[in-house]
$ cat query-v5.pdb   # PDB, C-alpha atoms
ATOM      1  CA  MET A  14       0.000   0.000   0.000
ATOM      2  CA  SER A  15       1.230   3.493  -0.812
ATOM      3  CA  ILE A  16       0.494   6.907   0.658
ATOM      4  CA  GLU A  17      -1.671   7.684  -2.387
ATOM      5  CA  GLU A  18      -3.783   4.565  -1.747
ATOM      6  CA  ILE A  19      -4.109   5.514   1.922
ATOM      7  CA  LYS A  20      -5.245   9.030   0.912
ATOM      8  CA  LYS A  21      -7.805   7.553  -1.507
ATOM      9  CA  GLN A  22      -9.166   5.184   1.162
ATOM     10  CA  THR A  23      -9.287   8.021   3.694
ATOM     11  CA  ASN A  24     -11.304  10.170   1.280
ATOM     12  CA  GLU A  25     -13.749   7.329   0.571
ATOM     13  CA  LYS A  26     -14.273   6.428   4.235
ATOM     14  CA  MET A  27     -14.737  10.054   5.315
ATOM     15  CA  ASP A  28     -17.169  10.624   2.447
ATOM     16  CA  LYS A  29     -19.205   7.660   3.726
ATOM     17  CA  CYS A  30     -19.274   9.304   7.182
ATOM     18  CA  VAL A  31     -20.661  12.506   5.652
ATOM     19  CA  GLN A  32     -23.236  10.587   3.567
ATOM     20  CA  GLN A  33     -24.394   8.734   6.691
ATOM     21  CA  LEU A  34     -24.748  12.050   8.525
ATOM     22  CA  LYS A  35     -26.849  13.489   5.697
ATOM     23  CA  LYS A  36     -29.047  10.384   5.751
ATOM     24  CA  GLU A  37     -29.575  10.691   9.518
ATOM     25  CA  LEU A  38     -30.248  14.432   9.306
ATOM     26  CA  ALA A  39     -32.926  13.817   6.680
ATOM     27  CA  THR A  40     -34.967  11.915   9.281
ATOM     28  CA  VAL A  41     -34.865  14.804  11.772
ATOM     29  CA  ARG A  42     -38.231  16.524  11.808
ATOM     30  CA  THR A  43     -38.524  20.145  10.768
ATOM     31  CA  GLY A  44     -41.618  22.310  10.398
ATOM     32  CA  ARG A  45     -42.299  20.881   6.949
ATOM     33  CA  ALA A  46     -43.562  17.415   6.064
ATOM     34  CA  ASN A  47     -40.728  15.245   4.726
ATOM     35  CA  PRO A  48     -41.310  11.635   3.579
ATOM     36  CA  LEU A  49     -37.757  10.728   4.689
ATOM     37  CA  ILE A  50     -38.886  10.961   8.317
ATOM     38  CA  LEU A  51     -40.694   7.650   7.711
ATOM     39  CA  ASP A  52     -37.471   5.815   6.788
ATOM     40  CA  LYS A  53     -37.117   4.489  10.330
ATOM     41  CA  VAL A  54     -40.704   3.140  10.433
ATOM     42  CA  LEU A  55     -40.772  -0.655  10.126
ATOM     43  CA  VAL A  56     -44.145  -2.354   9.582
ATOM     44  CA  ASP A  57     -44.761  -5.976  10.607
ATOM     45  CA  TYR A  58     -45.811  -7.246   7.182
ATOM     46  CA  TYR A  59     -46.724 -10.939   7.393
ATOM     47  CA  GLY A  60     -44.153 -11.464  10.143
ATOM     48  CA  ALA A  61     -41.306  -9.598   8.435
ATOM     49  CA  PRO A  62     -40.256  -6.060   9.442
ATOM     50  CA  THR A  63     -40.578  -4.054   6.236
ATOM     51  CA  GLY A  64     -39.862  -0.394   5.537
ATOM     52  CA  LEU A  65     -43.054   1.669   5.312
ATOM     53  CA  ARG A  66     -42.031   3.275   2.039
ATOM     54  CA  GLN A  67     -41.856  -0.208   0.455
ATOM     55  CA  LEU A  68     -45.494  -0.873   1.393
ATOM     56  CA  ALA A  69     -47.101   2.440   0.536
ATOM     57  CA  GLN A  70     -46.909   5.547  -1.589
ATOM     58  CA  VAL A  71     -46.042   8.609   0.482
ATOM     59  CA  SER A  72     -46.873  12.082  -0.770
ATOM     60  CA  VAL A  73     -46.783  15.590   0.707
ATOM     61  CA  SER A  74     -49.914  17.714   0.751
ATOM     62  CA  GLU A  75     -49.884  21.463   1.490
ATOM     63  CA  GLY A  76     -46.345  21.227   2.891
ATOM     64  CA  THR A  77     -47.526  20.129   6.356
ATOM     65  CA  THR A  78     -49.304  16.808   5.732
ATOM     66  CA  LEU A  79     -47.980  13.430   4.641
ATOM     67  CA  ILE A  80     -50.474  11.177   2.902
ATOM     68  CA  ILE A  81     -49.668   7.467   3.065
ATOM     69  CA  THR A  82     -51.520   5.297   0.558
ATOM     70  CA  PRO A  83     -50.845   1.588   1.222
ATOM     71  CA  PHE A  84     -50.597  -0.712  -1.776
ATOM     72  CA  ASP A  85     -52.429  -3.329   0.314
ATOM     73  CA  LYS A  86     -55.376  -1.729   2.174
ATOM     74  CA  THR A  87     -55.540  -4.626   4.686
ATOM     75  CA  ILE A  88     -52.368  -3.457   6.452
ATOM     76  CA  ILE A  89     -53.547   0.053   7.366
ATOM     77  CA  LYS A  90     -53.845  -0.895  11.074
ATOM     78  CA  GLU A  91     -50.321  -2.394  11.039
ATOM     79  CA  ILE A  92     -48.950   0.783   9.448
ATOM     80  CA  GLU A  93     -50.657   2.937  12.084
ATOM     81  CA  LYS A  94     -49.183   0.780  14.877
ATOM     82  CA  ALA A  95     -45.718   1.019  13.323
ATOM     83  CA  ILE A  96     -45.915   4.830  13.056
ATOM     84  CA  VAL A  97     -46.931   5.126  16.722
ATOM     85  CA  LYS A  98     -44.200   2.641  17.738
ATOM     86  CA  ALA A  99     -41.527   4.599  15.787
ATOM     87  CA  GLU A 100     -42.172   7.619  18.048
ATOM     88  CA  ILE A 101     -41.898  10.256  15.346
ATOM     89  CA  GLY A 102     -44.134  12.514  17.420
ATOM     90  CA  ILE A 103     -47.169  12.521  15.118
ATOM     91  CA  THR A 104     -50.411  10.617  15.569
ATOM     92  CA  PRO A 105     -51.682   8.959  12.384
ATOM     93  CA  ASN A 106     -55.276   9.618  11.199
ATOM     94  CA  SER A 107     -56.856   6.968   8.983
ATOM     95  CA  ASP A 108     -60.062   6.918   6.961
ATOM     96  CA  GLY A 109     -59.679   3.268   5.965
ATOM     97  CA  MET A 110     -58.124   4.114   2.591
ATOM     98  CA  VAL A 111     -55.218   6.459   3.403
ATOM     99  CA  ILE A 112     -53.328   7.581   6.496
ATOM    100  CA  ARG A 113     -52.685  11.267   7.090
ATOM    101  CA  LEU A 114     -49.871  12.612   9.234
ATOM    102  CA  GLN A 115     -50.507  16.256  10.087
ATOM    103  CA  PHE A 116     -47.284  18.035  11.095
ATOM    104  CA  PRO A 117     -48.150  20.695  13.658
ATOM    105  CA  PRO A 118     -45.900  23.749  13.874
ATOM    106  CA  LEU A 119     -42.926  23.116  16.160
ATOM    107  CA  THR A 120     -42.718  25.007  19.444
ATOM    108  CA  GLN A 121     -39.582  27.027  20.143
ATOM    109  CA  ASP A 122     -38.544  24.550  22.881
ATOM    110  CA  ARG A 123     -38.955  21.604  20.494
ATOM    111  CA  ARG A 124     -36.913  23.424  17.854
ATOM    112  CA  LYS A 125     -34.111  23.899  20.380
ATOM    113  CA  GLU A 126     -34.227  20.184  21.299
ATOM    114  CA  LEU A 127     -34.040  19.220  17.628
ATOM    115  CA  ALA A 128     -31.131  21.633  17.085
ATOM    116  CA  LYS A 129     -29.276  19.893  19.943
ATOM    117  CA  GLU A 130     -30.041  16.527  18.332
ATOM    118  CA  VAL A 131     -28.642  17.808  15.022
ATOM    119  CA  LYS A 132     -25.449  18.993  16.771
ATOM    120  CA  ALA A 133     -25.078  15.597  18.462
ATOM    121  CA  LEU A 134     -25.367  13.831  15.087
ATOM    122  CA  GLY A 135     -22.705  16.209  13.734
ATOM    123  CA  GLU A 136     -20.384  15.369  16.638
ATOM    124  CA  GLU A 137     -20.863  11.641  16.000
ATOM    125  CA  ALA A 138     -19.880  12.184  12.370
ATOM    126  CA  LYS A 139     -16.774  14.132  13.436
ATOM    127  CA  VAL A 140     -15.776  11.322  15.806
ATOM    128  CA  ALA A 141     -16.136   8.825  12.950
ATOM    129  CA  ILE A 142     -13.991  11.064  10.716
ATOM    130  CA  ARG A 143     -11.327  11.358  13.425
ATOM    131  CA  ASN A 144     -11.306   7.566  13.791
ATOM    132  CA  VAL A 145     -10.660   7.267  10.056
ATOM    133  CA  ARG A 146      -7.846   9.833  10.416
ATOM    134  CA  ARG A 147      -6.282   7.836  13.258
ATOM    135  CA  ASP A 148      -6.409   4.618  11.218
ATOM    136  CA  SER A 149      -4.917   6.374   8.197
ATOM    137  CA  THR A 150      -2.055   7.968  10.135
ATOM    138  CA  ASP A 151      -1.330   4.558  11.709
ATOM    139  CA  ALA A 152      -1.211   3.042   8.217
ATOM    140  CA  VAL A 153       1.240   5.763   7.123
ATOM    141  CA  LYS A 154       3.432   5.046  10.183
ATOM    142  CA  LYS A 155       3.418   1.340   9.320
ATOM    143  CA  LEU A 156       4.724   2.219   5.855
ATOM    144  CA  GLU A 157       7.723   3.852   7.504
ATOM    145  CA  LYS A 158       8.615   0.544   9.178
ATOM    146  CA  THR A 159       7.704  -1.892   6.393
ATOM    147  CA  ASP A 160       8.785   0.077   3.300
ATOM    148  CA  ASN A 161      11.593   2.030   4.988
ATOM    149  CA  LEU A 162      10.035   5.309   3.925
ATOM    150  CA  PRO A 163      11.991   8.410   4.893
ATOM    151  CA  GLU A 164      10.683  10.397   7.852
ATOM    152  CA  ASP A 165       9.884  13.373   5.593
ATOM    153  CA  ALA A 166       7.596  11.261   3.384
ATOM    154  CA  VAL A 167       5.792   9.914   6.469
ATOM    155  CA  LYS A 168       5.341  13.424   7.879
ATOM    156  CA  ASP A 169       4.100  14.633   4.488
ATOM    157  CA  GLY A 170       1.626  11.714   4.321
ATOM    158  CA  GLN A 171       0.302  12.518   7.773
ATOM    159  CA  ASP A 172      -0.102  16.197   6.818
ATOM    160  CA  GLN A 173      -2.066  15.182   3.715
ATOM    161  CA  VAL A 174      -4.351  12.948   5.827
ATOM    162  CA  GLN A 175      -4.905  15.901   8.199
ATOM    163  CA  LYS A 176      -5.827  18.177   5.272
ATOM    164  CA  ILE A 177      -8.396  15.617   4.091
ATOM    165  CA  THR A 178      -9.745  15.414   7.662
ATOM    166  CA  ASP A 179     -10.038  19.212   7.895
ATOM    167  CA  LYS A 180     -11.930  19.291   4.590
ATOM    168  CA  PHE A 181     -14.490  16.721   5.769
ATOM    169  CA  VAL A 182     -14.902  18.288   9.234
ATOM    170  CA  LYS A 183     -15.697  21.573   7.468
ATOM    171  CA  ILE A 184     -18.309  19.778   5.310
ATOM    172  CA  VAL A 185     -19.878  18.302   8.469
ATOM    173  CA  ASP A 186     -19.966  21.725  10.125
ATOM    174  CA  GLU A 187     -21.631  23.298   7.081
ATOM    175  CA  THR A 188     -24.174  20.466   6.810
ATOM    176  CA  VAL A 189     -25.055  20.667  10.514
ATOM    177  CA  SER A 190     -25.304  24.450  10.363
ATOM    178  CA  ALA A 191     -27.694  24.293   7.392
ATOM    179  CA  LYS A 192     -29.896  21.704   9.132
ATOM    180  CA  GLU A 193     -29.947  23.731  12.370
ATOM    181  CA  LYS A 194     -31.047  26.775  10.398
ATOM    182  CA  GLU A 195     -33.807  24.694   8.751
ATOM    183  CA  VAL A 196     -34.974  23.374  12.142
ATOM    184  CA  MET A 197     -35.034  26.832  13.745
ATOM    185  CA  GLU A 198     -36.877  28.362  10.747
ATOM    186  CA  ILE A 199     -40.510  29.159  11.527
TER     187      ILE A 199
END
$ encode --input "query-v5.pdb" --output "structure tokens"
Amino acid sequence: MSIEEIKKQTNEKMDKCVQQLKKELATVRTGRANPLILDKVLVDYYGAPTGLRQLAQVSVSEGTTLIITPFDKTIIKEIEKAIVKAEIGITPNSDGMVIRLQFPPLTQDRRKELAKEVKALGEEAKVAIRNVRRDSTDAVKKLEKTDNLPEDAVKDGQDQVQKITDKFVKIVDETVSAKEKEVMEI
């Protein structure tokens, strides 16, 4: 393995950390209805936990209501139970054909709680990025021993890994900041 390969792996792993953060942030509730909030809802469908969005069409109505139209109308009760169990903070309303999730406006206190949650997710992502950095710098140090790389090349490799880390930490900060702004928006 070379320093270039280590840099490439570092970039890929850190990018995965950022993508995971974005995925998690998409499920954080804001004032607007977002179908991604239902990604963590698992419905007991004939004994198998199945993602809600695989069992129903989800659409947004008027920006504050999600309309869930199951492909199989017999599982409406199961879907309602799964939504309540997922604790997304919204009570489902069903008319037997579709389920409506009405998103009430968030209170200021709830917005602050969600902003803290967003920051915590950002910190988790930064920890994951720092773990990748640690592994990469260890791999560079191993090259010094195994390939008899000069100390300057090792130091240069570690500096390059740090620059990659700084770039991804900045991306995390910007992503978290944008989501916090979205959460606090009335």
$ axis_aligned_box --input "query-v5.pdb" --around "range 28-42 of chain A" --padding-each-side "6 Å" --output "lines of an AutoDock Vina configuration file"
center_x = -27.7
center_y = 12.1
center_z = 7.1
size_x = 33.1
size_y = 20.9
size_z = 21.4
$ residues_near_point --input "query-v5.pdb" --point "(-12.2, 8.7, 1.5)" --cutoff "12 Å" --atoms "all atoms listed in the file" --output "list in words"
Glu17, Glu18, Ile19, Lys20, Lys21, Gln22, Thr23, Asn24, Glu25, Lys26, Met27, Asp28, Lys29, Cys30, Val31, Gln32, Ile142, Val145, Arg146, Ser149, Val174, Ile177, Thr178, Lys180 and Phe181 of chain A
$ write_last_selection --input "query-v5.pdb" --atoms "C-alpha atoms" --output "PDB file, in the coordinates of the input"
ATOM      1  CA  GLU A  17      -1.671   7.684  -2.387  1.00  0.00           C
ATOM      2  CA  GLU A  18      -3.783   4.565  -1.747  1.00  0.00           C
ATOM      3  CA  ILE A  19      -4.109   5.514   1.922  1.00  0.00           C
ATOM      4  CA  LYS A  20      -5.245   9.030   0.912  1.00  0.00           C
ATOM      5  CA  LYS A  21      -7.805   7.553  -1.507  1.00  0.00           C
ATOM      6  CA  GLN A  22      -9.166   5.184   1.162  1.00  0.00           C
ATOM      7  CA  THR A  23      -9.287   8.021   3.694  1.00  0.00           C
ATOM      8  CA  ASN A  24     -11.304  10.170   1.280  1.00  0.00           C
ATOM      9  CA  GLU A  25     -13.749   7.329   0.571  1.00  0.00           C
ATOM     10  CA  LYS A  26     -14.273   6.428   4.235  1.00  0.00           C
ATOM     11  CA  MET A  27     -14.737  10.054   5.315  1.00  0.00           C
ATOM     12  CA  ASP A  28     -17.169  10.624   2.447  1.00  0.00           C
ATOM     13  CA  LYS A  29     -19.205   7.660   3.726  1.00  0.00           C
ATOM     14  CA  CYS A  30     -19.274   9.304   7.182  1.00  0.00           C
ATOM     15  CA  VAL A  31     -20.661  12.506   5.652  1.00  0.00           C
ATOM     16  CA  GLN A  32     -23.236  10.587   3.567  1.00  0.00           C
ATOM     17  CA  ILE A 142     -13.991  11.064  10.716  1.00  0.00           C
ATOM     18  CA  VAL A 145     -10.660   7.267  10.056  1.00  0.00           C
ATOM     19  CA  ARG A 146      -7.846   9.833  10.416  1.00  0.00           C
ATOM     20  CA  SER A 149      -4.917   6.374   8.197  1.00  0.00           C
ATOM     21  CA  VAL A 174      -4.351  12.948   5.827  1.00  0.00           C
ATOM     22  CA  ILE A 177      -8.396  15.617   4.091  1.00  0.00           C
ATOM     23  CA  THR A 178      -9.745  15.414   7.662  1.00  0.00           C
ATOM     24  CA  LYS A 180     -11.930  19.291   4.590  1.00  0.00           C
ATOM     25  CA  PHE A 181     -14.490  16.721   5.769  1.00  0.00           C
TER      26      PHE A 181
END
$ residues_around --input "query-v5.pdb" --residues "range 53-70 of chain A" --least-positions-apart "2" --cutoff "8 Å" --atoms "all atoms listed in the file" --output "VMD selection string"
chain A and resid 40 50 to 51 72 81 to 85 88 91 to 92 94 to 96 99
$ atom_distance --input "query-v5.pdb" --atom1 "CA of Glu157 in chain A" --atom2 "CA of Gln175 in chain A"
17.5 Å
$ resolve_selection --input "query-v5.pdb" --expression "the PyMOL selection byres ((chain A and resi 166) around 12)" --output "PyMOL selection string"
chain A and resi 15-17+153-154+156-157+160-165+167-173
$ closest_residue --input "query-v5.pdb" --among "A:Val189, A:Leu114, A:Val182, A:Ala39" --to "Leu134 in chain A" --atoms "only C-alpha atoms"
A:Val189
$ resolve_selection --input "query-v5.pdb" --expression "the PyMOL selection byres ((chain A and resi 38) around 9)" --output "ChimeraX atom specification"
/A:33-37,39-42,131,134-135,188-189,192
$ atom_distance --input "query-v5.pdb" --atom1 "CA of Lys139 in chain A" --atom2 "CA of Ala46 in chain A"
28.0 Å
$ closest_residue --input "query-v5.pdb" --among "A:Arg113, A:Leu79, A:Ile103, A:Glu136" --to "Leu49 in chain A" --atoms "all atoms listed in the file"
A:Leu79
$ atom_distance --input "query-v5.pdb" --atom1 "CA of Gln121 in chain A" --atom2 "CA of Val185 in chain A"
24.5 Å
